[in-house]
Amino acid sequence: MSLYENKEGIVFAYEVRGNEVAIVSLFVLPEKKRNVVVPSKIEGLQVTEILSRAFQGKEVEYVSLPESITTIYNHAFEGCSLLKEINLPENLLELSFRAFAECTSLESITIPYPTNFESEIFDGCTNLK
């Protein structure tokens, strides 16, 4: 596992998987920073996956994912109770079990077609319309 810090001081833990990069976790979120832009490339390689529990319970309100993301794994954003908005890229192919469960501030989300998704993705999202 390696670390990548963006110009805003947000630190992501990541791992290289062949010719691609997977985000392991949101490692450091500076105080009062609530908007997160996931990089499209790290070390010159496409960021394609958000791994299990990568953002779980983090105090983020807005997350921007690059178009290169194809998979969001189990519990990736579970418990992000402040999350209001996230863009799901058109290239997304899979949303795994409870990916956004308990995101109680999330009001709407658009899932691109043809994304495969598992059960309970939005379990406990009480404001989702």
# chains A, B, ... in the order shown; residues from 1 in each chain; ligands from 1
>>> residues_around(residues="Arg98 in chain A", least_positions_apart="4", cutoff="8 Å", atoms="only C-alpha atoms", output="PyMOL selection string")
chain A and resi 74-76+78+118-123
>>> residues_around(residues="Lys129 in chain A", least_positions_apart="5", cutoff="9 Å", atoms="only C-alpha atoms", output="compact mmCIF listing (two decimals) with N, CA and C atoms, in the first residue's frame")
# COMPACT_ATOMS: atom_id res chain seq x y z
N LEU A 106 -27.83 11.37 1.99
CA LEU A 106 -27.90 11.19 0.53
C LEU A 106 -29.36 11.32 0.08
N GLU A 107 -29.62 12.27 -0.84
CA GLU A 107 -30.99 12.52 -1.28
C GLU A 107 -31.32 11.94 -2.64
N SER A 108 -30.34 11.91 -3.54
CA SER A 108 -30.59 11.35 -4.86
C SER A 108 -29.27 10.84 -5.45
N ILE A 109 -29.41 9.91 -6.36
CA ILE A 109 -28.24 9.34 -7.03
C ILE A 109 -28.70 8.74 -8.35
>>> closest_residue(among="A:Val36, A:Val60, A:Ala22, A:Lys41", to="Ile72 in chain A", atoms="only C-alpha atoms")
A:Ala22
>>> residues_around(residues="Ala54 in chain A", least_positions_apart="4", cutoff="6 Å", atoms="only C-alpha atoms", output="ChimeraX atom specification")
/A:24-26,76
>>> write_last_selection(atoms="C-alpha atoms", output="PDB file, in the first residue's frame")
ATOM      1  CA  VAL A  24      -7.779   1.461  -0.470  1.00  0.00           C
ATOM      2  CA  SER A  25      -8.879   4.287   1.816  1.00  0.00           C
ATOM      3  CA  LEU A  26      -9.350   7.962   2.332  1.00  0.00           C
ATOM      4  CA  ALA A  76     -17.120   1.488   0.309  1.00  0.00           C
TER       5      ALA A  76
END
>>> residues_around(residues="Ile69 in chain A", least_positions_apart="4", cutoff="9 Å", atoms="only C-alpha atoms", output="VMD selection string")
chain A and resid 40 46 to 50 65 88 to 93
>>> closest_residue(among="A:Glu43, A:Glu102, A:Glu94, A:Glu85", to="Glu5 in chain A", atoms="only C-alpha atoms")
A:Glu43
>>> residues_around(residues="Gly79 in chain A", least_positions_apart="4", cutoff="9 Å", atoms="only C-alpha atoms", output="ChimeraX atom specification")
/A:55-58,75,83,100-104
>>> write_last_selection(atoms="N, CA, C and O atoms", output="PDB file, in the first residue's frame")
ATOM      1  N   PHE A  55     -14.060   4.543   2.116  1.00  0.00           N
ATOM      2  CA  PHE A  55     -14.541   5.820   2.644  1.00  0.00           C
ATOM      3  C   PHE A  55     -15.452   5.615   3.855  1.00  0.00           C
ATOM      4  O   PHE A  55     -16.038   6.571   4.345  1.00  0.00           O
ATOM      5  N   GLN A  56     -15.590   4.415   4.312  1.00  0.00           N
ATOM      6  CA  GLN A  56     -16.573   4.081   5.348  1.00  0.00           C
ATOM      7  C   GLN A  56     -16.461   5.017   6.555  1.00  0.00           C
ATOM      8  O   GLN A  56     -15.395   5.184   7.148  1.00  0.00           O
ATOM      9  N   GLY A  57     -17.598   5.650   6.880  1.00  0.00           N
ATOM     10  CA  GLY A  57     -17.688   6.500   8.050  1.00  0.00           C
ATOM     11  C   GLY A  57     -16.974   7.839   7.962  1.00  0.00           C
ATOM     12  O   GLY A  57     -16.953   8.590   8.933  1.00  0.00           O
ATOM     13  N   LYS A  58     -16.410   8.174   6.823  1.00  0.00           N
ATOM     14  CA  LYS A  58     -15.695   9.451   6.681  1.00  0.00           C
ATOM     15  C   LYS A  58     -16.688  10.602   6.602  1.00  0.00           C
ATOM     16  O   LYS A  58     -17.792  10.459   6.105  1.00  0.00           O
ATOM     17  N   HIS A  75     -19.381  -1.981   1.093  1.00  0.00           N
ATOM     18  CA  HIS A  75     -19.283  -1.036   2.207  1.00  0.00           C
ATOM     19  C   HIS A  75     -18.390   0.173   1.911  1.00  0.00           C
ATOM     20  O   HIS A  75     -17.967   0.868   2.842  1.00  0.00           O
ATOM     21  N   LEU A  83     -22.730  12.499   3.664  1.00  0.00           N
ATOM     22  CA  LEU A  83     -22.671  12.457   2.199  1.00  0.00           C
ATOM     23  C   LEU A  83     -24.010  12.883   1.596  1.00  0.00           C
ATOM     24  O   LEU A  83     -25.028  12.239   1.801  1.00  0.00           O
ATOM     25  N   PHE A 100     -23.394   2.043  -0.298  1.00  0.00           N
ATOM     26  CA  PHE A 100     -23.805   3.344   0.219  1.00  0.00           C
ATOM     27  C   PHE A 100     -24.759   3.227   1.408  1.00  0.00           C
ATOM     28  O   PHE A 100     -25.453   4.184   1.741  1.00  0.00           O
ATOM     29  N   ALA A 101     -24.786   2.097   2.064  1.00  0.00           N
ATOM     30  CA  ALA A 101     -25.697   1.889   3.197  1.00  0.00           C
ATOM     31  C   ALA A 101     -25.430   2.908   4.298  1.00  0.00           C
ATOM     32  O   ALA A 101     -24.290   3.316   4.527  1.00  0.00           O
ATOM     33  N   GLU A 102     -26.508   3.341   4.936  1.00  0.00           N
ATOM     34  CA  GLU A 102     -26.447   4.270   6.066  1.00  0.00           C
ATOM     35  C   GLU A 102     -25.880   5.649   5.698  1.00  0.00           C
ATOM     36  O   GLU A 102     -25.367   6.364   6.561  1.00  0.00           O
ATOM     37  N   CYS A 103     -25.977   6.023   4.454  1.00  0.00           N
ATOM     38  CA  CYS A 103     -25.630   7.392   4.027  1.00  0.00           C
ATOM     39  C   CYS A 103     -26.903   8.217   4.186  1.00  0.00           C
ATOM     40  O   CYS A 103     -27.631   8.466   3.224  1.00  0.00           O
ATOM     41  N   THR A 104     -27.179   8.625   5.410  1.00  0.00           N
ATOM     42  CA  THR A 104     -28.473   9.187   5.762  1.00  0.00           C
ATOM     43  C   THR A 104     -28.745  10.575   5.187  1.00  0.00           C
ATOM     44  O   THR A 104     -29.896  11.011   5.183  1.00  0.00           O
TER      45      THR A 104
END
>>> residues_around(residues="Lys7 in chain A", least_positions_apart="4", cutoff="12 Å", atoms="only C-alpha atoms", output="compact mmCIF listing (two decimals) with N, CA and C atoms, in the first residue's frame")
# COMPACT_ATOMS: atom_id res chain seq x y z
N VAL A 11 -5.22 12.80 1.59
CA VAL A 11 -4.31 11.68 1.34
C VAL A 11 -5.12 10.41 1.12
N PHE A 12 -4.83 9.75 0.02
CA PHE A 12 -5.47 8.47 -0.32
C PHE A 12 -4.45 7.35 -0.17
N PRO A 30 -8.27 16.56 5.71
CA PRO A 30 -8.01 17.74 6.55
C PRO A 30 -9.28 18.24 7.22
N VAL A 36 -14.46 15.93 -1.75
CA VAL A 36 -13.34 15.08 -2.13
C VAL A 36 -13.41 14.77 -3.62
N VAL A 37 -12.30 15.01 -4.30
CA VAL A 37 -12.17 14.64 -5.70
C VAL A 37 -11.18 13.49 -5.76
N VAL A 38 -11.65 12.33 -6.20
CA VAL A 38 -10.78 11.17 -6.36
C VAL A 38 -9.99 11.36 -7.65
N PRO A 39 -8.67 11.21 -7.59
CA PRO A 39 -7.87 11.43 -8.80
C PRO A 39 -8.16 10.38 -9.87
>>> closest_residue(among="A:Leu128, A:Ala13, A:Met1, A:Ile42", to="Pro66 in chain A", atoms="only C-alpha atoms")
A:Ile42
>>> atom_distance(atom1="CA of Glu59 in chain A", atom2="CA of Thr71 in chain A")
21.7 Å
>>> select_by_dssp(residues="range 2-110 of chain A", states="strand (DSSP E)", output="number ranges by chain")
A: 2-5, 11-17, 20-28, 35-37, 41-42, 45-50, 62-64, 71-72, 85-87, 94-95
>>> atom_distance(atom1="CA of Leu82 in chain A", atom2="CA of Ile10 in chain A")
17.3 Å
>>> atom_distance(atom1="CA of Val63 in chain A", atom2="CA of Cys125 in chain A")
16.5 Å
>>> closest_residue(among="A:Ser96, A:Phe117, A:Gly124, A:Gly18", to="Ser81 in chain A", atoms="only C-alpha atoms")
A:Gly124
>>> closest_residue(among="A:Thr115, A:Thr126, A:Ser68, A:Asn6", to="Leu45 in chain A", atoms="only C-alpha atoms")
A:Ser68
>>> decode(residues="range 3-125 of chain A", atoms="C-alpha atoms", output="PDB file, in the first residue's frame")
ATOM      1  CA  LEU A   3       0.009   7.023  -0.175  1.00  0.00           C
ATOM      2  CA  TYR A   4      -0.951   9.811  -2.586  1.00  0.00           C
ATOM      3  CA  GLU A   5      -1.545  13.394  -1.418  1.00  0.00           C
ATOM      4  CA  ASN A   6      -3.433  15.848  -3.620  1.00  0.00           C
ATOM      5  CA  LYS A   7      -2.895  19.612  -3.650  1.00  0.00           C
ATOM      6  CA  GLU A   8      -5.664  20.085  -1.051  1.00  0.00           C
ATOM      7  CA  GLY A   9      -3.923  17.896   1.512  1.00  0.00           C
ATOM      8  CA  ILE A  10      -6.262  14.933   1.090  1.00  0.00           C
ATOM      9  CA  VAL A  11      -4.313  11.685   1.345  1.00  0.00           C
ATOM     10  CA  PHE A  12      -5.468   8.470  -0.324  1.00  0.00           C
ATOM     11  CA  ALA A  13      -4.051   5.036   0.412  1.00  0.00           C
ATOM     12  CA  TYR A  14      -3.843   3.033  -2.803  1.00  0.00           C
ATOM     13  CA  GLU A  15      -2.427  -0.104  -4.341  1.00  0.00           C
ATOM     14  CA  VAL A  16      -1.259  -0.827  -7.843  1.00  0.00           C
ATOM     15  CA  ARG A  17      -3.021  -3.795  -9.453  1.00  0.00           C
ATOM     16  CA  GLY A  18      -1.325  -4.595 -12.722  1.00  0.00           C
ATOM     17  CA  ASN A  19      -1.793  -1.541 -14.943  1.00  0.00           C
ATOM     18  CA  GLU A  20      -4.446   0.039 -12.719  1.00  0.00           C
ATOM     19  CA  VAL A  21      -4.800   1.635  -9.294  1.00  0.00           C
ATOM     20  CA  ALA A  22      -7.336   0.861  -6.573  1.00  0.00           C
ATOM     21  CA  ILE A  23      -8.176   3.306  -3.779  1.00  0.00           C
ATOM     22  CA  VAL A  24      -7.779   1.461  -0.470  1.00  0.00           C
ATOM     23  CA  SER A  25      -8.879   4.287   1.816  1.00  0.00           C
ATOM     24  CA  LEU A  26      -9.350   7.962   2.332  1.00  0.00           C
ATOM     25  CA  PHE A  27      -6.342   8.127   4.637  1.00  0.00           C
ATOM     26  CA  VAL A  28      -6.262  11.788   5.690  1.00  0.00           C
ATOM     27  CA  LEU A  29      -9.097  14.276   5.356  1.00  0.00           C
ATOM     28  CA  PRO A  30      -8.008  17.739   6.547  1.00  0.00           C
ATOM     29  CA  GLU A  31     -10.236  19.320   9.175  1.00  0.00           C
ATOM     30  CA  LYS A  32     -13.334  20.994   7.722  1.00  0.00           C
ATOM     31  CA  LYS A  33     -12.591  19.606   4.238  1.00  0.00           C
ATOM     32  CA  ARG A  34     -15.825  17.945   3.082  1.00  0.00           C
ATOM     33  CA  ASN A  35     -15.493  17.866  -0.729  1.00  0.00           C
ATOM     34  CA  VAL A  36     -13.343  15.081  -2.129  1.00  0.00           C
ATOM     35  CA  VAL A  37     -12.169  14.643  -5.705  1.00  0.00           C
ATOM     36  CA  VAL A  38     -10.779  11.172  -6.356  1.00  0.00           C
ATOM     37  CA  PRO A  39      -7.870  11.426  -8.796  1.00  0.00           C
ATOM     38  CA  SER A  40      -8.223   9.824 -12.208  1.00  0.00           C
ATOM     39  CA  LYS A  41      -4.552   8.799 -12.287  1.00  0.00           C
ATOM     40  CA  ILE A  42      -1.872   7.969  -9.739  1.00  0.00           C
ATOM     41  CA  GLU A  43       1.670   7.125 -10.836  1.00  0.00           C
ATOM     42  CA  GLY A  44       0.427   7.561 -14.408  1.00  0.00           C
ATOM     43  CA  LEU A  45      -2.041   4.674 -14.001  1.00  0.00           C
ATOM     44  CA  GLN A  46      -5.843   4.871 -14.204  1.00  0.00           C
ATOM     45  CA  VAL A  47      -7.732   4.723 -10.905  1.00  0.00           C
ATOM     46  CA  THR A  48     -10.417   2.097 -11.568  1.00  0.00           C
ATOM     47  CA  GLU A  49     -11.647   0.779  -8.213  1.00  0.00           C
ATOM     48  CA  ILE A  50     -12.845   1.970  -4.825  1.00  0.00           C
ATOM     49  CA  LEU A  51     -12.121  -0.918  -2.472  1.00  0.00           C
ATOM     50  CA  SER A  52     -14.183  -2.211   0.457  1.00  0.00           C
ATOM     51  CA  ARG A  53     -14.601   0.282   3.285  1.00  0.00           C
ATOM     52  CA  ALA A  54     -12.386   2.876   1.542  1.00  0.00           C
ATOM     53  CA  PHE A  55     -14.541   5.820   2.644  1.00  0.00           C
ATOM     54  CA  GLN A  56     -16.573   4.081   5.348  1.00  0.00           C
ATOM     55  CA  GLY A  57     -17.688   6.500   8.050  1.00  0.00           C
ATOM     56  CA  LYS A  58     -15.695   9.451   6.681  1.00  0.00           C
ATOM     57  CA  GLU A  59     -17.149  12.933   7.117  1.00  0.00           C
ATOM     58  CA  VAL A  60     -17.481  13.818   3.442  1.00  0.00           C
ATOM     59  CA  GLU A  61     -20.379  15.733   1.891  1.00  0.00           C
ATOM     60  CA  TYR A  62     -19.518  15.614  -1.808  1.00  0.00           C
ATOM     61  CA  VAL A  63     -17.436  13.059  -3.689  1.00  0.00           C
ATOM     62  CA  SER A  64     -16.407  13.359  -7.309  1.00  0.00           C
ATOM     63  CA  LEU A  65     -15.335  10.104  -8.933  1.00  0.00           C
ATOM     64  CA  PRO A  66     -13.367  10.025 -12.186  1.00  0.00           C
ATOM     65  CA  GLU A  67     -14.849   8.395 -15.286  1.00  0.00           C
ATOM     66  CA  SER A  68     -12.185   5.690 -14.972  1.00  0.00           C
ATOM     67  CA  ILE A  69     -13.914   4.086 -11.951  1.00  0.00           C
ATOM     68  CA  THR A  70     -15.530   0.771 -12.942  1.00  0.00           C
ATOM     69  CA  THR A  71     -16.108  -0.911  -9.566  1.00  0.00           C
ATOM     70  CA  ILE A  72     -17.189   0.227  -6.112  1.00  0.00           C
ATOM     71  CA  TYR A  73     -16.771  -2.592  -3.599  1.00  0.00           C
ATOM     72  CA  ASN A  74     -18.652  -3.683  -0.448  1.00  0.00           C
ATOM     73  CA  HIS A  75     -19.283  -1.036   2.207  1.00  0.00           C
ATOM     74  CA  ALA A  76     -17.120   1.488   0.309  1.00  0.00           C
ATOM     75  CA  PHE A  77     -19.112   4.534   1.472  1.00  0.00           C
ATOM     76  CA  GLU A  78     -21.195   2.914   4.212  1.00  0.00           C
ATOM     77  CA  GLY A  79     -21.912   5.162   7.158  1.00  0.00           C
ATOM     78  CA  CYS A  80     -20.916   8.417   5.451  1.00  0.00           C
ATOM     79  CA  SER A  81     -23.782  10.143   7.217  1.00  0.00           C
ATOM     80  CA  LEU A  82     -22.875  13.595   5.837  1.00  0.00           C
ATOM     81  CA  LEU A  83     -22.671  12.457   2.199  1.00  0.00           C
ATOM     82  CA  LYS A  84     -25.154  14.506   0.190  1.00  0.00           C
ATOM     83  CA  GLU A  85     -23.937  13.999  -3.350  1.00  0.00           C
ATOM     84  CA  ILE A  86     -21.737  11.653  -5.331  1.00  0.00           C
ATOM     85  CA  ASN A  87     -21.384  11.345  -9.068  1.00  0.00           C
ATOM     86  CA  LEU A  88     -21.288   7.807 -10.395  1.00  0.00           C
ATOM     87  CA  PRO A  89     -19.225   7.655 -13.586  1.00  0.00           C
ATOM     88  CA  GLU A  90     -20.760   6.451 -16.837  1.00  0.00           C
ATOM     89  CA  ASN A  91     -18.126   3.675 -16.995  1.00  0.00           C
ATOM     90  CA  LEU A  92     -19.253   2.148 -13.682  1.00  0.00           C
ATOM     91  CA  LEU A  93     -19.883  -1.572 -14.122  1.00  0.00           C
ATOM     92  CA  GLU A  94     -20.449  -2.824 -10.583  1.00  0.00           C
ATOM     93  CA  LEU A  95     -21.794  -1.589  -7.246  1.00  0.00           C
ATOM     94  CA  SER A  96     -21.261  -4.118  -4.464  1.00  0.00           C
ATOM     95  CA  PHE A  97     -23.137  -5.026  -1.284  1.00  0.00           C
ATOM     96  CA  ARG A  98     -24.005  -2.058   1.001  1.00  0.00           C
ATOM     97  CA  ALA A  99     -21.785   0.314  -0.971  1.00  0.00           C
ATOM     98  CA  PHE A 100     -23.805   3.344   0.219  1.00  0.00           C
ATOM     99  CA  ALA A 101     -25.697   1.889   3.197  1.00  0.00           C
ATOM    100  CA  GLU A 102     -26.447   4.270   6.066  1.00  0.00           C
ATOM    101  CA  CYS A 103     -25.630   7.392   4.027  1.00  0.00           C
ATOM    102  CA  THR A 104     -28.473   9.187   5.762  1.00  0.00           C
ATOM    103  CA  SER A 105     -27.942  12.597   4.081  1.00  0.00           C
ATOM    104  CA  LEU A 106     -27.902  11.195   0.533  1.00  0.00           C
ATOM    105  CA  GLU A 107     -30.992  12.522  -1.277  1.00  0.00           C
ATOM    106  CA  SER A 108     -30.591  11.345  -4.863  1.00  0.00           C
ATOM    107  CA  ILE A 109     -28.239   9.339  -7.027  1.00  0.00           C
ATOM    108  CA  THR A 110     -28.178   8.258 -10.655  1.00  0.00           C
ATOM    109  CA  ILE A 111     -26.902   4.787 -11.447  1.00  0.00           C
ATOM    110  CA  PRO A 112     -25.527   4.527 -14.978  1.00  0.00           C
ATOM    111  CA  TYR A 113     -26.804   1.776 -17.243  1.00  0.00           C
ATOM    112  CA  PRO A 114     -25.797  -1.089 -17.468  1.00  0.00           C
ATOM    113  CA  THR A 115     -24.331  -1.253 -13.943  1.00  0.00           C
ATOM    114  CA  ASN A 116     -24.600  -4.563 -12.075  1.00  0.00           C
ATOM    115  CA  PHE A 117     -25.509  -4.097  -8.442  1.00  0.00           C
ATOM    116  CA  GLU A 118     -25.926  -6.251  -5.377  1.00  0.00           C
ATOM    117  CA  SER A 119     -28.469  -6.070  -2.548  1.00  0.00           C
ATOM    118  CA  GLU A 120     -28.766  -3.515   0.211  1.00  0.00           C
ATOM    119  CA  ILE A 121     -26.702  -0.889  -1.631  1.00  0.00           C
ATOM    120  CA  PHE A 122     -28.822   1.927  -0.192  1.00  0.00           C
ATOM    121  CA  ASP A 123     -30.025   0.248   3.024  1.00  0.00           C
ATOM    122  CA  GLY A 124     -30.681   2.882   5.679  1.00  0.00           C
ATOM    123  CA  CYS A 125     -30.488   5.840   3.291  1.00  0.00           C
TER     124      CYS A 125
END
